[in-house]
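What follows is a single structure, written as structure tokens, with notes after it.
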Amino acid sequence: MKVDTLTPNLAVADIRQTVQFYCENLGFELVMAVPETQDGIDQQLSEDKTYVYAMLNKDNASLMFQRIDTLKEDVSLFDKTEIGASVSLYMQGKGIDAFFEELKNKNIQITEMRLTWYGIKEFYIKDNNGYILGFAEETEKTEE
């Protein structure tokens, strides 16, 4: 099998809260959401609906979120899975300094920015579901 894309589908407790977290804090945009009735697809969240799935994009990154109970119904391997992660989702791009400063002023668990020995600036946050997101930018290494 040739793999063309990889899009994480993360188990969450509440789609609306998760969409709000990613859109308001991280600049993602809602692509689509599936209501609990599973009778259509919405391009924006409606106040009178409860959702079971959403897909978000930012630049070249996509994330899917599915309410844990429906994920367990759809994929039996999730039957005893808890929400959260033992991995981090690592995103590399440009503009990390301004993004870091913007996030520091929000009510988000965030690490300090660090420069790795291999020339990458990076920091991590924890989202509203307990997932760890890493943000990184390649820098020019200085010759000593």
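Each chain of the structure tokens is named A, B, ... in the order shown, its residues numbered from 1; ligands are numbered from 1 in display order.
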
Using only C-alpha atoms, which residues sit within 6 Å of A:Val12 once same-chain residues fewer than 3 positions away are excluded, as a CSV table (one decimal) with N, CA, C and O atoms, in the first residue's frame?
chain,number,residue,atom,x,y,z
A,66,GLN,N,-12.9,12.6,17.1
A,66,GLN,CA,-14.2,11.8,17.2
A,66,GLN,C,-14.5,11.6,18.6
A,66,GLN,O,-13.6,11.3,19.4
A,67,ARG,N,-15.8,11.7,19.0
A,67,ARG,CA,-16.2,11.5,20.3
A,67,ARG,C,-15.9,10.0,20.7
A,67,ARG,O,-16.2,9.1,19.9
A,68,ILE,N,-15.4,9.8,21.9
A,68,ILE,CA,-14.8,8.5,22.2
A,68,ILE,C,-15.9,7.4,22.2
A,68,ILE,O,-15.5,6.3,21.7

Surrounding residues of stretch 121-131 of chain A excluding itself and chain neighbours under 2 positions, 9 Å, only C-alpha atoms, as a PyMOL selection string:
chain A and resi 10-14+17-18+21-22+83-90+92+96-97+100+108-116+119+133-139

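One distance worth recording is that between atom CA of A:Asp4 and atom CA of A:Met91, which is 17.8 Å.
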
Can you work out which one of A:Met1, A:Glu24, A:Gln43, A:Ile120 has the shortest atom-to-atom distance to A:Met55, counting only C-alpha atoms?
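Selected residue with least distance to A:Met55: A:Gln43.
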
Could you list, as number ranges by chain, every residue within 9 Å of stretch 26-34 of chain A, counting only C-alpha atoms and ignoring same-chain residues fewer than 6 positions away?
A: 15, 19, 40-45, 50-59, 61-62, 99, 103

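We find atom CA of A:Glu73 and atom CA of A:Glu47 to be spaced 25.1 Å apart.
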
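The set of residues in stretch 7-56 of chain A assigned to strand (DSSP E) by DSSP, using only backbone atoms of this structure, is Asn9, Leu10, Ala11, Val12, Glu29, Leu30, Val31, Met32, Ala33, Val34, Pro35, Tyr51, Val52, Tyr53, Ala54, Met55 and Leu56 of chain A.
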
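In this model, the gap between atom CA of A:Asp39 and atom CA of A:Arg16 comes to 17.7 Å.
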
According to DSSP computed on the backbone, where in stretch 88-142 of chain A is there alpha helix (DSSP H)? Give the residues as JSON, numbers by chain.
{"A": [96, 97, 98, 99, 100, 101, 102, 103, 104]}

Take the residues from that selection and write them out as a PDB file, in the first residue's frame, keeping N, CA and C atoms.
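selection33.pdb, freshly written:
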ATOM      1  N   ILE A  96       7.505  30.621  14.804  1.00  0.00           N
ATOM      2  CA  ILE A  96       7.323  30.018  16.134  1.00  0.00           C
ATOM      3  C   ILE A  96       7.420  31.039  17.265  1.00  0.00           C
ATOM      4  N   ASP A  97       8.283  32.042  17.130  1.00  0.00           N
ATOM      5  CA  ASP A  97       8.452  33.012  18.225  1.00  0.00           C
ATOM      6  C   ASP A  97       7.155  33.767  18.505  1.00  0.00           C
ATOM      7  N   ALA A  98       6.527  34.310  17.462  1.00  0.00           N
ATOM      8  CA  ALA A  98       5.274  35.045  17.640  1.00  0.00           C
ATOM      9  C   ALA A  98       4.164  34.122  18.135  1.00  0.00           C
ATOM     10  N   PHE A  99       4.110  32.900  17.615  1.00  0.00           N
ATOM     11  CA  PHE A  99       3.097  31.931  18.029  1.00  0.00           C
ATOM     12  C   PHE A  99       3.267  31.587  19.506  1.00  0.00           C
ATOM     13  N   PHE A 100       4.516  31.385  19.943  1.00  0.00           N
ATOM     14  CA  PHE A 100       4.804  31.086  21.340  1.00  0.00           C
ATOM     15  C   PHE A 100       4.347  32.237  22.242  1.00  0.00           C
ATOM     16  N   GLU A 101       4.670  33.474  21.859  1.00  0.00           N
ATOM     17  CA  GLU A 101       4.280  34.643  22.657  1.00  0.00           C
ATOM     18  C   GLU A 101       2.762  34.754  22.760  1.00  0.00           C
ATOM     19  N   GLU A 102       2.072  34.459  21.665  1.00  0.00           N
ATOM     20  CA  GLU A 102       0.610  34.505  21.650  1.00  0.00           C
ATOM     21  C   GLU A 102       0.026  33.463  22.607  1.00  0.00           C
ATOM     22  N   LEU A 103       0.571  32.248  22.590  1.00  0.00           N
ATOM     23  CA  LEU A 103       0.031  31.169  23.429  1.00  0.00           C
ATOM     24  C   LEU A 103       0.361  31.353  24.907  1.00  0.00           C
ATOM     25  N   LYS A 104       1.490  32.000  25.214  1.00  0.00           N
ATOM     26  CA  LYS A 104       1.878  32.197  26.622  1.00  0.00           C
ATOM     27  C   LYS A 104       0.830  32.991  27.392  1.00  0.00           C
TER      28      LYS A 104
END

Applying 7 Å and only C-alpha atoms, which residues near A:Pro8 remain after dropping the ones on its own chain fewer than 2 positions away? List them as a list in words.
Leu6, Leu10, Leu63 and Met64 of chain A
